[in-house]
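Asker: Input: one structure, supplied below.
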Amino acid sequence: MLDREQFGMVKSWAARSLGQIGSRREDARGALERTLKDELDSARYRAAEALGDIGNPAAIPALAEAFRGETVERVRGQIARALGNLGARDMATEIAAVVQGPWHDRGLYRNGLVAWAKLDPEGAWPSMEREIRSDVPYVRLDAVRMLGEIGDARAVEALRGMIEARTVVEPTCRRGDTHAILLADVA
């Protein structure tokens with residue numbers, strides 16, 4: 001018999017695996033949408049991740065409802081990311097409000113900001129600029145990763161500027177910059 005933690009792990013990875021299959025099977029989307037209401041936050045997290053990966057905009061209404069009702073910040077951030085991946089422009093304002101409001105989980109902020117930037121690049125750019133200029137190494141590293149995921153022309157320009165900078169840069173950020181620029185160029 002599985003304990004609660006083991007059961008949660010199996011359930012969350014089943015949701016993730018459905019996401020990998022889901023682009024080929026419509027019934028996977030329905031199961032994942034139902035999992036957004038599961039009692040286990042790890043299962044809800046993976047279901048949101050999988051729905052974002054599948055890329056079917058038909059999942060937007062279920063994700064929007066889940067975003068509005070989710071109380072676990074880490075899960076809410078993943079739902080925001082899925083909405084961003086699916087191009088849910090109607091959710092940009094709600095996601096921006098969460099990013100700009102009080103939060104305690106860096107994952108909520110990071111995933112929310114990436115989603116916001118995908119849905120409303122102009123609105124999100126001032127927040128992205130603050131991240132890029134941060135003196136805190138992990139914040140700046142997060143920023144270059146976010147820019148790599150966003151991948152628009154402004155992101156590429158900012159990343160190239162970071163790579164070509166003549167100032168001393170935290171070594172982990174320099175590696176992150178290069179990785180992110182490669183992601184942005186491919187996107």
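Each chain in the structure tokens gets a letter, A, B and so on, in the order shown; residues start at 1 in every chain, and ligands are counted from 1 in the order they appear.
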Just the residues within 8 Å of segment 93-95 of chain A, please, counting only C-alpha atoms, with nothing from its chain fewer than 3 positions along; format it as a PyMOL selection string.
Answerer: chain A and resi 80+90+98-99+112-113+115-116
Asker: Would you please extract all helix (DSSP H, G or I) residues from segment 6-168 of chain A, as assigned by DSSP on the backbone, and give them as a PyMOL selection string?
Answerer: chain A and resi 6-22+26-35+41-54+57-69+73-85+89-100+106-119+121-132+137-150+153-164
Asker: So which residues touch His104 of chain A within 12 Å, counting only C-alpha atoms, skipping near sequence neighbours fewer than 4 positions away, as a list of chain:residue names?
Answerer: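 Near His104 of chain A, the qualifying residues are A:Thr71, A:Val72, A:Glu73, A:Arg74, A:Arg76, A:Gly77, A:Val98, A:Val99, A:Gln100, A:Leu108, A:Tyr109, A:Arg110.
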Asker: I need the residues from that last selection saved to file as a CSV table (one decimal), in the first residue's frame (with C-alpha atoms), if you can.
Answerer:
chain,number,residue,atom,x,y,z
A,71,THR,CA,-4.5,28.8,-3.0
A,72,VAL,CA,-1.1,27.1,-3.3
A,73,GLU,CA,1.2,29.6,-4.8
A,74,ARG,CA,3.6,27.1,-6.5
A,76,ARG,CA,-0.9,28.9,-9.1
A,77,GLY,CA,2.4,29.8,-10.7
A,98,VAL,CA,-0.8,38.2,-8.9
A,99,VAL,CA,2.8,38.9,-10.0
A,100,GLN,CA,2.6,42.5,-8.8
A,108,LEU,CA,4.7,31.8,-8.5
A,109,TYR,CA,6.5,35.1,-9.3
A,110,ARG,CA,8.8,33.5,-11.9
Asker: Report the distance between atom CA of Pro57 of chain A and atom CA of Pro102 of chain A in Å, rounded to one decimal place.
Answerer: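 Atom CA of Pro102 of chain A lies 28.8 Å from atom CA of Pro57 of chain A.
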Asker: Give me, please, the distance in Å between atom CA of Lys11 of chain A and atom CA of Asn56 of chain A, quoted to one decimal.
Answerer: 21.7 Å
Asker: One decimal, Å: what's the distance from atom CA of Ala28 of chain A over to atom CA of Met91 of chain A, could you say?
Answerer: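 Between atom CA of Ala28 of chain A and atom CA of Met91 of chain A the gap is 23.6 Å.
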Asker: Excluding segment 126-128 of chain A and residues on its chain fewer than 4 positions from it, collect all residues at most 12 Å away from it, counting only C-alpha atoms, and give them as a PDB file with all heavy atoms, in the first residue's frame.
Answerer:
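Here's the written file result-v4.pdb:
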ATOM      1  N   ALA A  96      -0.971  39.419 -14.137  1.00  0.00           N
ATOM      2  CA  ALA A  96      -0.158  40.589 -13.751  1.00  0.00           C
ATOM      3  C   ALA A  96      -0.465  41.010 -12.317  1.00  0.00           C
ATOM      4  O   ALA A  96       0.452  41.346 -11.553  1.00  0.00           O
ATOM      5  CB  ALA A  96      -0.420  41.746 -14.710  1.00  0.00           C
ATOM      6  N   VAL A  99       1.359  38.691  -9.973  1.00  0.00           N
ATOM      7  CA  VAL A  99       2.798  38.938 -10.006  1.00  0.00           C
ATOM      8  C   VAL A  99       3.146  40.213  -9.239  1.00  0.00           C
ATOM      9  O   VAL A  99       4.125  40.256  -8.495  1.00  0.00           O
ATOM     10  CB  VAL A  99       3.307  39.027 -11.469  1.00  0.00           C
ATOM     11  CG1 VAL A  99       4.734  39.542 -11.542  1.00  0.00           C
ATOM     12  CG2 VAL A  99       3.188  37.662 -12.141  1.00  0.00           C
ATOM     13  N   GLN A 100       2.343  41.248  -9.395  1.00  0.00           N
ATOM     14  CA  GLN A 100       2.628  42.535  -8.767  1.00  0.00           C
ATOM     15  C   GLN A 100       2.162  42.605  -7.313  1.00  0.00           C
ATOM     16  O   GLN A 100       2.568  43.493  -6.587  1.00  0.00           O
ATOM     17  CB  GLN A 100       1.973  43.659  -9.580  1.00  0.00           C
ATOM     18  CG  GLN A 100       2.593  43.786 -10.955  1.00  0.00           C
ATOM     19  CD  GLN A 100       1.840  44.762 -11.836  1.00  0.00           C
ATOM     20  OE1 GLN A 100       0.615  44.827 -11.811  1.00  0.00           O
ATOM     21  NE2 GLN A 100       2.593  45.521 -12.624  1.00  0.00           N
ATOM     22  N   TYR A 109       6.077  33.831  -8.686  1.00  0.00           N
ATOM     23  CA  TYR A 109       6.522  35.064  -9.327  1.00  0.00           C
ATOM     24  C   TYR A 109       7.170  34.763 -10.683  1.00  0.00           C
ATOM     25  O   TYR A 109       6.820  35.367 -11.693  1.00  0.00           O
ATOM     26  CB  TYR A 109       7.501  35.806  -8.423  1.00  0.00           C
ATOM     27  CG  TYR A 109       8.026  37.065  -9.055  1.00  0.00           C
ATOM     28  CD1 TYR A 109       7.213  38.193  -9.153  1.00  0.00           C
ATOM     29  CD2 TYR A 109       9.311  37.122  -9.581  1.00  0.00           C
ATOM     30  CE1 TYR A 109       7.671  39.351  -9.750  1.00  0.00           C
ATOM     31  CE2 TYR A 109       9.779  38.278 -10.177  1.00  0.00           C
ATOM     32  CZ  TYR A 109       8.961  39.396 -10.259  1.00  0.00           C
ATOM     33  OH  TYR A 109       9.417  40.530 -10.857  1.00  0.00           O
ATOM     34  N   ARG A 110       8.101  33.818 -10.704  1.00  0.00           N
ATOM     35  CA  ARG A 110       8.830  33.519 -11.933  1.00  0.00           C
ATOM     36  C   ARG A 110       7.890  33.021 -13.025  1.00  0.00           C
ATOM     37  O   ARG A 110       7.900  33.522 -14.146  1.00  0.00           O
ATOM     38  CB  ARG A 110       9.903  32.468 -11.649  1.00  0.00           C
ATOM     39  CG  ARG A 110      10.734  32.126 -12.858  1.00  0.00           C
ATOM     40  CD  ARG A 110      11.698  30.977 -12.548  1.00  0.00           C
ATOM     41  NE  ARG A 110      12.587  30.760 -13.650  1.00  0.00           N
ATOM     42  CZ  ARG A 110      12.222  30.209 -14.803  1.00  0.00           C
ATOM     43  NH1 ARG A 110      10.986  29.858 -15.013  1.00  0.00           N
ATOM     44  NH2 ARG A 110      13.111  30.034 -15.760  1.00  0.00           N
ATOM     45  N   GLY A 112       4.634  33.282 -13.156  1.00  0.00           N
ATOM     46  CA  GLY A 112       3.662  34.325 -13.462  1.00  0.00           C
ATOM     47  C   GLY A 112       4.244  35.399 -14.361  1.00  0.00           C
ATOM     48  O   GLY A 112       3.591  35.865 -15.303  1.00  0.00           O
ATOM     49  N   LEU A 113       5.489  35.804 -14.074  1.00  0.00           N
ATOM     50  CA  LEU A 113       6.122  36.842 -14.898  1.00  0.00           C
ATOM     51  C   LEU A 113       6.377  36.348 -16.316  1.00  0.00           C
ATOM     52  O   LEU A 113       6.163  37.086 -17.288  1.00  0.00           O
ATOM     53  CB  LEU A 113       7.424  37.320 -14.238  1.00  0.00           C
ATOM     54  CG  LEU A 113       8.118  38.509 -14.890  1.00  0.00           C
ATOM     55  CD1 LEU A 113       7.189  39.698 -15.074  1.00  0.00           C
ATOM     56  CD2 LEU A 113       9.349  38.902 -14.067  1.00  0.00           C
ATOM     57  N   VAL A 114       6.799  35.099 -16.462  1.00  0.00           N
ATOM     58  CA  VAL A 114       6.995  34.540 -17.811  1.00  0.00           C
ATOM     59  C   VAL A 114       5.665  34.521 -18.566  1.00  0.00           C
ATOM     60  O   VAL A 114       5.592  34.939 -19.723  1.00  0.00           O
ATOM     61  CB  VAL A 114       7.612  33.123 -17.742  1.00  0.00           C
ATOM     62  CG1 VAL A 114       7.538  32.427 -19.098  1.00  0.00           C
ATOM     63  CG2 VAL A 114       9.057  33.195 -17.269  1.00  0.00           C
ATOM     64  N   ALA A 115       4.603  34.080 -17.891  1.00  0.00           N
ATOM     65  CA  ALA A 115       3.278  34.051 -18.532  1.00  0.00           C
ATOM     66  C   ALA A 115       2.835  35.453 -18.907  1.00  0.00           C
ATOM     67  O   ALA A 115       2.360  35.686 -20.031  1.00  0.00           O
ATOM     68  CB  ALA A 115       2.256  33.406 -17.595  1.00  0.00           C
ATOM     69  N   TRP A 116       2.989  36.391 -17.986  1.00  0.00           N
ATOM     70  CA  TRP A 116       2.585  37.781 -18.231  1.00  0.00           C
ATOM     71  C   TRP A 116       3.350  38.340 -19.428  1.00  0.00           C
ATOM     72  O   TRP A 116       2.766  38.993 -20.308  1.00  0.00           O
ATOM     73  CB  TRP A 116       2.828  38.594 -16.971  1.00  0.00           C
ATOM     74  CG  TRP A 116       2.416  40.031 -17.016  1.00  0.00           C
ATOM     75  CD1 TRP A 116       1.495  40.617 -17.840  1.00  0.00           C
ATOM     76  CD2 TRP A 116       2.900  41.075 -16.176  1.00  0.00           C
ATOM     77  NE1 TRP A 116       1.387  41.952 -17.556  1.00  0.00           N
ATOM     78  CE2 TRP A 116       2.243  42.259 -16.538  1.00  0.00           C
ATOM     79  CE3 TRP A 116       3.832  41.111 -15.147  1.00  0.00           C
ATOM     80  CZ2 TRP A 116       2.487  43.480 -15.921  1.00  0.00           C
ATOM     81  CZ3 TRP A 116       4.074  42.317 -14.514  1.00  0.00           C
ATOM     82  CH2 TRP A 116       3.400  43.492 -14.906  1.00  0.00           C
ATOM     83  N   ALA A 117       4.654  38.079 -19.478  1.00  0.00           N
ATOM     84  CA  ALA A 117       5.470  38.602 -20.576  1.00  0.00           C
ATOM     85  C   ALA A 117       5.073  37.984 -21.921  1.00  0.00           C
ATOM     86  O   ALA A 117       5.160  38.638 -22.956  1.00  0.00           O
ATOM     87  CB  ALA A 117       6.943  38.358 -20.291  1.00  0.00           C
ATOM     88  N   LYS A 118       4.639  36.734 -21.908  1.00  0.00           N
ATOM     89  CA  LYS A 118       4.178  36.110 -23.155  1.00  0.00           C
ATOM     90  C   LYS A 118       2.842  36.688 -23.597  1.00  0.00           C
ATOM     91  O   LYS A 118       2.579  36.808 -24.786  1.00  0.00           O
ATOM     92  CB  LYS A 118       4.053  34.601 -22.973  1.00  0.00           C
ATOM     93  CG  LYS A 118       5.384  33.886 -22.918  1.00  0.00           C
ATOM     94  CD  LYS A 118       5.186  32.391 -22.738  1.00  0.00           C
ATOM     95  CE  LYS A 118       6.521  31.669 -22.745  1.00  0.00           C
ATOM     96  NZ  LYS A 118       6.349  30.219 -22.566  1.00  0.00           N
ATOM     97  N   ASP A 120       1.436  39.762 -22.467  1.00  0.00           N
ATOM     98  CA  ASP A 120       1.445  41.227 -22.545  1.00  0.00           C
ATOM     99  C   ASP A 120       2.879  41.728 -22.378  1.00  0.00           C
ATOM    100  O   ASP A 120       3.252  42.233 -21.315  1.00  0.00           O
ATOM    101  CB  ASP A 120       0.536  41.805 -21.448  1.00  0.00           C
ATOM    102  CG  ASP A 120       0.526  43.328 -21.426  1.00  0.00           C
ATOM    103  OD1 ASP A 120       0.976  43.959 -22.407  1.00  0.00           O
ATOM    104  OD2 ASP A 120       0.078  43.894 -20.404  1.00  0.00           O
ATOM    105  N   PRO A 121       3.708  41.572 -23.419  1.00  0.00           N
ATOM    106  CA  PRO A 121       5.122  41.930 -23.300  1.00  0.00           C
ATOM    107  C   PRO A 121       5.352  43.376 -22.853  1.00  0.00           C
ATOM    108  O   PRO A 121       6.236  43.639 -22.041  1.00  0.00           O
ATOM    109  CB  PRO A 121       5.680  41.694 -24.707  1.00  0.00           C
ATOM    110  CG  PRO A 121       4.718  40.770 -25.362  1.00  0.00           C
ATOM    111  CD  PRO A 121       3.378  41.042 -24.742  1.00  0.00           C
ATOM    112  N   GLU A 122       4.580  44.304 -23.364  1.00  0.00           N
ATOM    113  CA  GLU A 122       4.762  45.720 -22.994  1.00  0.00           C
ATOM    114  C   GLU A 122       4.480  45.942 -21.510  1.00  0.00           C
ATOM    115  O   GLU A 122       5.206  46.658 -20.826  1.00  0.00           O
ATOM    116  CB  GLU A 122       3.876  46.620 -23.853  1.00  0.00           C
ATOM    117  CG  GLU A 122       4.294  46.693 -25.296  1.00  0.00           C
ATOM    118  CD  GLU A 122       5.732  47.180 -25.477  1.00  0.00           C
ATOM    119  OE1 GLU A 122       6.126  48.172 -24.830  1.00  0.00           O
ATOM    120  OE2 GLU A 122       6.455  46.557 -26.268  1.00  0.00           O
ATOM    121  N   ILE A 132      16.482  41.873 -14.524  1.00  0.00           N
ATOM    122  CA  ILE A 132      17.737  41.852 -15.275  1.00  0.00           C
ATOM    123  C   ILE A 132      18.820  42.640 -14.548  1.00  0.00           C
ATOM    124  O   ILE A 132      19.982  42.264 -14.549  1.00  0.00           O
ATOM    125  CB  ILE A 132      17.526  42.444 -16.696  1.00  0.00           C
ATOM    126  CG1 ILE A 132      16.618  41.541 -17.517  1.00  0.00           C
ATOM    127  CG2 ILE A 132      18.854  42.655 -17.399  1.00  0.00           C
ATOM    128  CD1 ILE A 132      16.086  42.209 -18.775  1.00  0.00           C
ATOM    129  N   ARG A 133      18.448  43.731 -13.906  1.00  0.00           N
ATOM    130  CA  ARG A 133      19.416  44.614 -13.262  1.00  0.00           C
ATOM    131  C   ARG A 133      19.664  44.293 -11.786  1.00  0.00           C
ATOM    132  O   ARG A 133      20.407  44.977 -11.119  1.00  0.00           O
ATOM    133  CB  ARG A 133      18.945  46.059 -13.384  1.00  0.00           C
ATOM    134  CG  ARG A 133      18.951  46.535 -14.845  1.00  0.00           C
ATOM    135  CD  ARG A 133      18.403  47.910 -15.022  1.00  0.00           C
ATOM    136  NE  ARG A 133      18.150  48.418 -16.326  1.00  0.00           N
ATOM    137  CZ  ARG A 133      18.362  47.903 -17.505  1.00  0.00           C
ATOM    138  NH1 ARG A 133      18.888  46.751 -17.613  1.00  0.00           N
ATOM    139  NH2 ARG A 133      18.056  48.495 -18.618  1.00  0.00           N
ATOM    140  N   SER A 134      19.074  43.248 -11.289  1.00  0.00           N
ATOM    141  CA  SER A 134      19.210  42.897  -9.886  1.00  0.00           C
ATOM    142  C   SER A 134      20.670  42.615  -9.520  1.00  0.00           C
ATOM    143  O   SER A 134      21.434  42.069 -10.316  1.00  0.00           O
ATOM    144  CB  SER A 134      18.361  41.664  -9.557  1.00  0.00           C
ATOM    145  OG  SER A 134      18.587  41.266  -8.235  1.00  0.00           O
ATOM    146  N   VAL A 139      18.502  36.016  -8.682  1.00  0.00           N
ATOM    147  CA  VAL A 139      17.425  36.776  -9.319  1.00  0.00           C
ATOM    148  C   VAL A 139      17.811  37.074 -10.768  1.00  0.00           C
ATOM    149  O   VAL A 139      17.011  36.917 -11.689  1.00  0.00           O
ATOM    150  CB  VAL A 139      17.105  38.073  -8.542  1.00  0.00           C
ATOM    151  CG1 VAL A 139      16.133  38.953  -9.313  1.00  0.00           C
ATOM    152  CG2 VAL A 139      16.549  37.733  -7.161  1.00  0.00           C
ATOM    153  N   ARG A 140      19.046  37.485 -10.972  1.00  0.00           N
ATOM    154  CA  ARG A 140      19.502  37.759 -12.334  1.00  0.00           C
ATOM    155  C   ARG A 140      19.527  36.478 -13.168  1.00  0.00           C
ATOM    156  O   ARG A 140      19.131  36.479 -14.337  1.00  0.00           O
ATOM    157  CB  ARG A 140      20.883  38.394 -12.322  1.00  0.00           C
ATOM    158  CG  ARG A 140      21.272  38.860 -13.721  1.00  0.00           C
ATOM    159  CD  ARG A 140      22.562  39.594 -13.769  1.00  0.00           C
ATOM    160  NE  ARG A 140      22.422  40.877 -13.101  1.00  0.00           N
ATOM    161  CZ  ARG A 140      23.377  41.783 -13.095  1.00  0.00           C
ATOM    162  NH1 ARG A 140      24.513  41.547 -13.702  1.00  0.00           N
ATOM    163  NH2 ARG A 140      23.212  42.919 -12.473  1.00  0.00           N
ATOM    164  N   LEU A 141      19.953  35.382 -12.573  1.00  0.00           N
ATOM    165  CA  LEU A 141      19.953  34.108 -13.294  1.00  0.00           C
ATOM    166  C   LEU A 141      18.525  33.724 -13.686  1.00  0.00           C
ATOM    167  O   LEU A 141      18.271  33.290 -14.810  1.00  0.00           O
ATOM    168  CB  LEU A 141      20.591  33.011 -12.443  1.00  0.00           C
ATOM    169  CG  LEU A 141      20.701  31.628 -13.079  1.00  0.00           C
ATOM    170  CD1 LEU A 141      21.451  31.687 -14.400  1.00  0.00           C
ATOM    171  CD2 LEU A 141      21.377  30.673 -12.120  1.00  0.00           C
ATOM    172  N   ASP A 142      17.594  33.900 -12.762  1.00  0.00           N
ATOM    173  CA  ASP A 142      16.184  33.665 -13.082  1.00  0.00           C
ATOM    174  C   ASP A 142      15.743  34.542 -14.252  1.00  0.00           C
ATOM    175  O   ASP A 142      15.015  34.107 -15.136  1.00  0.00           O
ATOM    176  CB  ASP A 142      15.312  33.991 -11.866  1.00  0.00           C
ATOM    177  CG  ASP A 142      14.644  32.767 -11.276  1.00  0.00           C
ATOM    178  OD1 ASP A 142      14.933  31.651 -11.741  1.00  0.00           O
ATOM    179  OD2 ASP A 142      13.842  32.946 -10.353  1.00  0.00           O
ATOM    180  N   ALA A 143      16.193  35.793 -14.255  1.00  0.00           N
ATOM    181  CA  ALA A 143      15.806  36.730 -15.318  1.00  0.00           C
ATOM    182  C   ALA A 143      16.294  36.250 -16.681  1.00  0.00           C
ATOM    183  O   ALA A 143      15.539  36.293 -17.659  1.00  0.00           O
ATOM    184  CB  ALA A 143      16.347  38.131 -15.028  1.00  0.00           C
ATOM    185  N   VAL A 144      17.533  35.788 -16.752  1.00  0.00           N
ATOM    186  CA  VAL A 144      18.022  35.342 -18.055  1.00  0.00           C
ATOM    187  C   VAL A 144      17.294  34.078 -18.508  1.00  0.00           C
ATOM    188  O   VAL A 144      17.031  33.904 -19.690  1.00  0.00           O
ATOM    189  CB  VAL A 144      19.559  35.155 -18.095  1.00  0.00           C
ATOM    190  CG1 VAL A 144      20.262  36.464 -17.856  1.00  0.00           C
ATOM    191  CG2 VAL A 144      20.033  34.099 -17.136  1.00  0.00           C
ATOM    192  N   ARG A 145      16.940  33.229 -17.555  1.00  0.00           N
ATOM    193  CA  ARG A 145      16.158  32.044 -17.929  1.00  0.00           C
ATOM    194  C   ARG A 145      14.775  32.458 -18.433  1.00  0.00           C
ATOM    195  O   ARG A 145      14.266  31.897 -19.401  1.00  0.00           O
ATOM    196  CB  ARG A 145      16.037  31.102 -16.739  1.00  0.00           C
ATOM    197  CG  ARG A 145      17.338  30.401 -16.432  1.00  0.00           C
ATOM    198  CD  ARG A 145      17.201  29.505 -15.235  1.00  0.00           C
ATOM    199  NE  ARG A 145      18.428  28.788 -14.999  1.00  0.00           N
ATOM    200  CZ  ARG A 145      18.793  28.332 -13.818  1.00  0.00           C
ATOM    201  NH1 ARG A 145      18.025  28.512 -12.770  1.00  0.00           N
ATOM    202  NH2 ARG A 145      19.917  27.690 -13.684  1.00  0.00           N
ATOM    203  N   MET A 146      14.157  33.432 -17.755  1.00  0.00           N
ATOM    204  CA  MET A 146      12.844  33.905 -18.191  1.00  0.00           C
ATOM    205  C   MET A 146      12.929  34.507 -19.583  1.00  0.00           C
ATOM    206  O   MET A 146      12.079  34.259 -20.438  1.00  0.00           O
ATOM    207  CB  MET A 146      12.285  34.937 -17.206  1.00  0.00           C
ATOM    208  CG  MET A 146      11.791  34.331 -15.913  1.00  0.00           C
ATOM    209  SD  MET A 146      10.970  35.554 -14.865  1.00  0.00           S
ATOM    210  CE  MET A 146      12.334  36.207 -13.934  1.00  0.00           C
ATOM    211  N   LEU A 147      13.961  35.320 -19.835  1.00  0.00           N
ATOM    212  CA  LEU A 147      14.115  35.932 -21.149  1.00  0.00           C
ATOM    213  C   LEU A 147      14.285  34.862 -22.226  1.00  0.00           C
ATOM    214  O   LEU A 147      13.757  34.989 -23.332  1.00  0.00           O
ATOM    215  CB  LEU A 147      15.306  36.884 -21.157  1.00  0.00           C
ATOM    216  CG  LEU A 147      15.120  38.180 -20.370  1.00  0.00           C
ATOM    217  CD1 LEU A 147      16.456  38.898 -20.208  1.00  0.00           C
ATOM    218  CD2 LEU A 147      14.099  39.081 -21.030  1.00  0.00           C
ATOM    219  N   GLY A 148      15.012  33.799 -21.902  1.00  0.00           N
ATOM    220  CA  GLY A 148      15.177  32.701 -22.846  1.00  0.00           C
ATOM    221  C   GLY A 148      13.867  32.023 -23.175  1.00  0.00           C
ATOM    222  O   GLY A 148      13.637  31.600 -24.301  1.00  0.00           O
ATOM    223  N   ILE A 150      10.860  33.524 -22.979  1.00  0.00           N
ATOM    224  CA  ILE A 150      10.006  34.489 -23.682  1.00  0.00           C
ATOM    225  C   ILE A 150      10.428  34.552 -25.144  1.00  0.00           C
ATOM    226  O   ILE A 150       9.612  34.442 -26.043  1.00  0.00           O
ATOM    227  CB  ILE A 150      10.069  35.867 -22.998  1.00  0.00           C
ATOM    228  CG1 ILE A 150       9.438  35.756 -21.607  1.00  0.00           C
ATOM    229  CG2 ILE A 150       9.376  36.931 -23.845  1.00  0.00           C
ATOM    230  CD1 ILE A 150       9.782  36.889 -20.687  1.00  0.00           C
ATOM    231  N   ARG A 154      12.940  41.723 -28.004  1.00  0.00           N
ATOM    232  CA  ARG A 154      13.441  42.499 -26.877  1.00  0.00           C
ATOM    233  C   ARG A 154      14.243  41.615 -25.926  1.00  0.00           C
ATOM    234  O   ARG A 154      15.271  42.026 -25.399  1.00  0.00           O
ATOM    235  CB  ARG A 154      12.287  43.164 -26.138  1.00  0.00           C
ATOM    236  CG  ARG A 154      12.764  44.222 -25.175  1.00  0.00           C
ATOM    237  CD  ARG A 154      11.662  44.861 -24.392  1.00  0.00           C
ATOM    238  NE  ARG A 154      10.625  45.416 -25.226  1.00  0.00           N
ATOM    239  CZ  ARG A 154       9.592  46.100 -24.779  1.00  0.00           C
ATOM    240  NH1 ARG A 154       9.444  46.315 -23.501  1.00  0.00           N
ATOM    241  NH2 ARG A 154       8.686  46.577 -25.589  1.00  0.00           N
ATOM    242  N   ALA A 155      13.797  40.392 -25.717  1.00  0.00           N
ATOM    243  CA  ALA A 155      14.509  39.451 -24.857  1.00  0.00           C
ATOM    244  C   ALA A 155      15.872  39.118 -25.453  1.00  0.00           C
ATOM    245  O   ALA A 155      16.887  39.104 -24.744  1.00  0.00           O
ATOM    246  CB  ALA A 155      13.687  38.187 -24.646  1.00  0.00           C
ATOM    247  N   ALA A 158      18.215  42.086 -24.956  1.00  0.00           N
ATOM    248  CA  ALA A 158      18.663  42.194 -23.562  1.00  0.00           C
ATOM    249  C   ALA A 158      19.702  41.128 -23.242  1.00  0.00           C
ATOM    250  O   ALA A 158      20.713  41.410 -22.585  1.00  0.00           O
ATOM    251  CB  ALA A 158      17.476  42.080 -22.619  1.00  0.00           C
ATOM    252  N   LEU A 159      19.487  39.912 -23.708  1.00  0.00           N
ATOM    253  CA  LEU A 159      20.428  38.833 -23.437  1.00  0.00           C
ATOM    254  C   LEU A 159      21.762  39.055 -24.148  1.00  0.00           C
ATOM    255  O   LEU A 159      22.825  38.830 -23.569  1.00  0.00           O
ATOM    256  CB  LEU A 159      19.820  37.492 -23.850  1.00  0.00           C
ATOM    257  CG  LEU A 159      18.683  37.021 -22.951  1.00  0.00           C
ATOM    258  CD1 LEU A 159      17.908  35.900 -23.624  1.00  0.00           C
ATOM    259  CD2 LEU A 159      19.199  36.594 -21.598  1.00  0.00           C
TER     260      LEU A 159
END
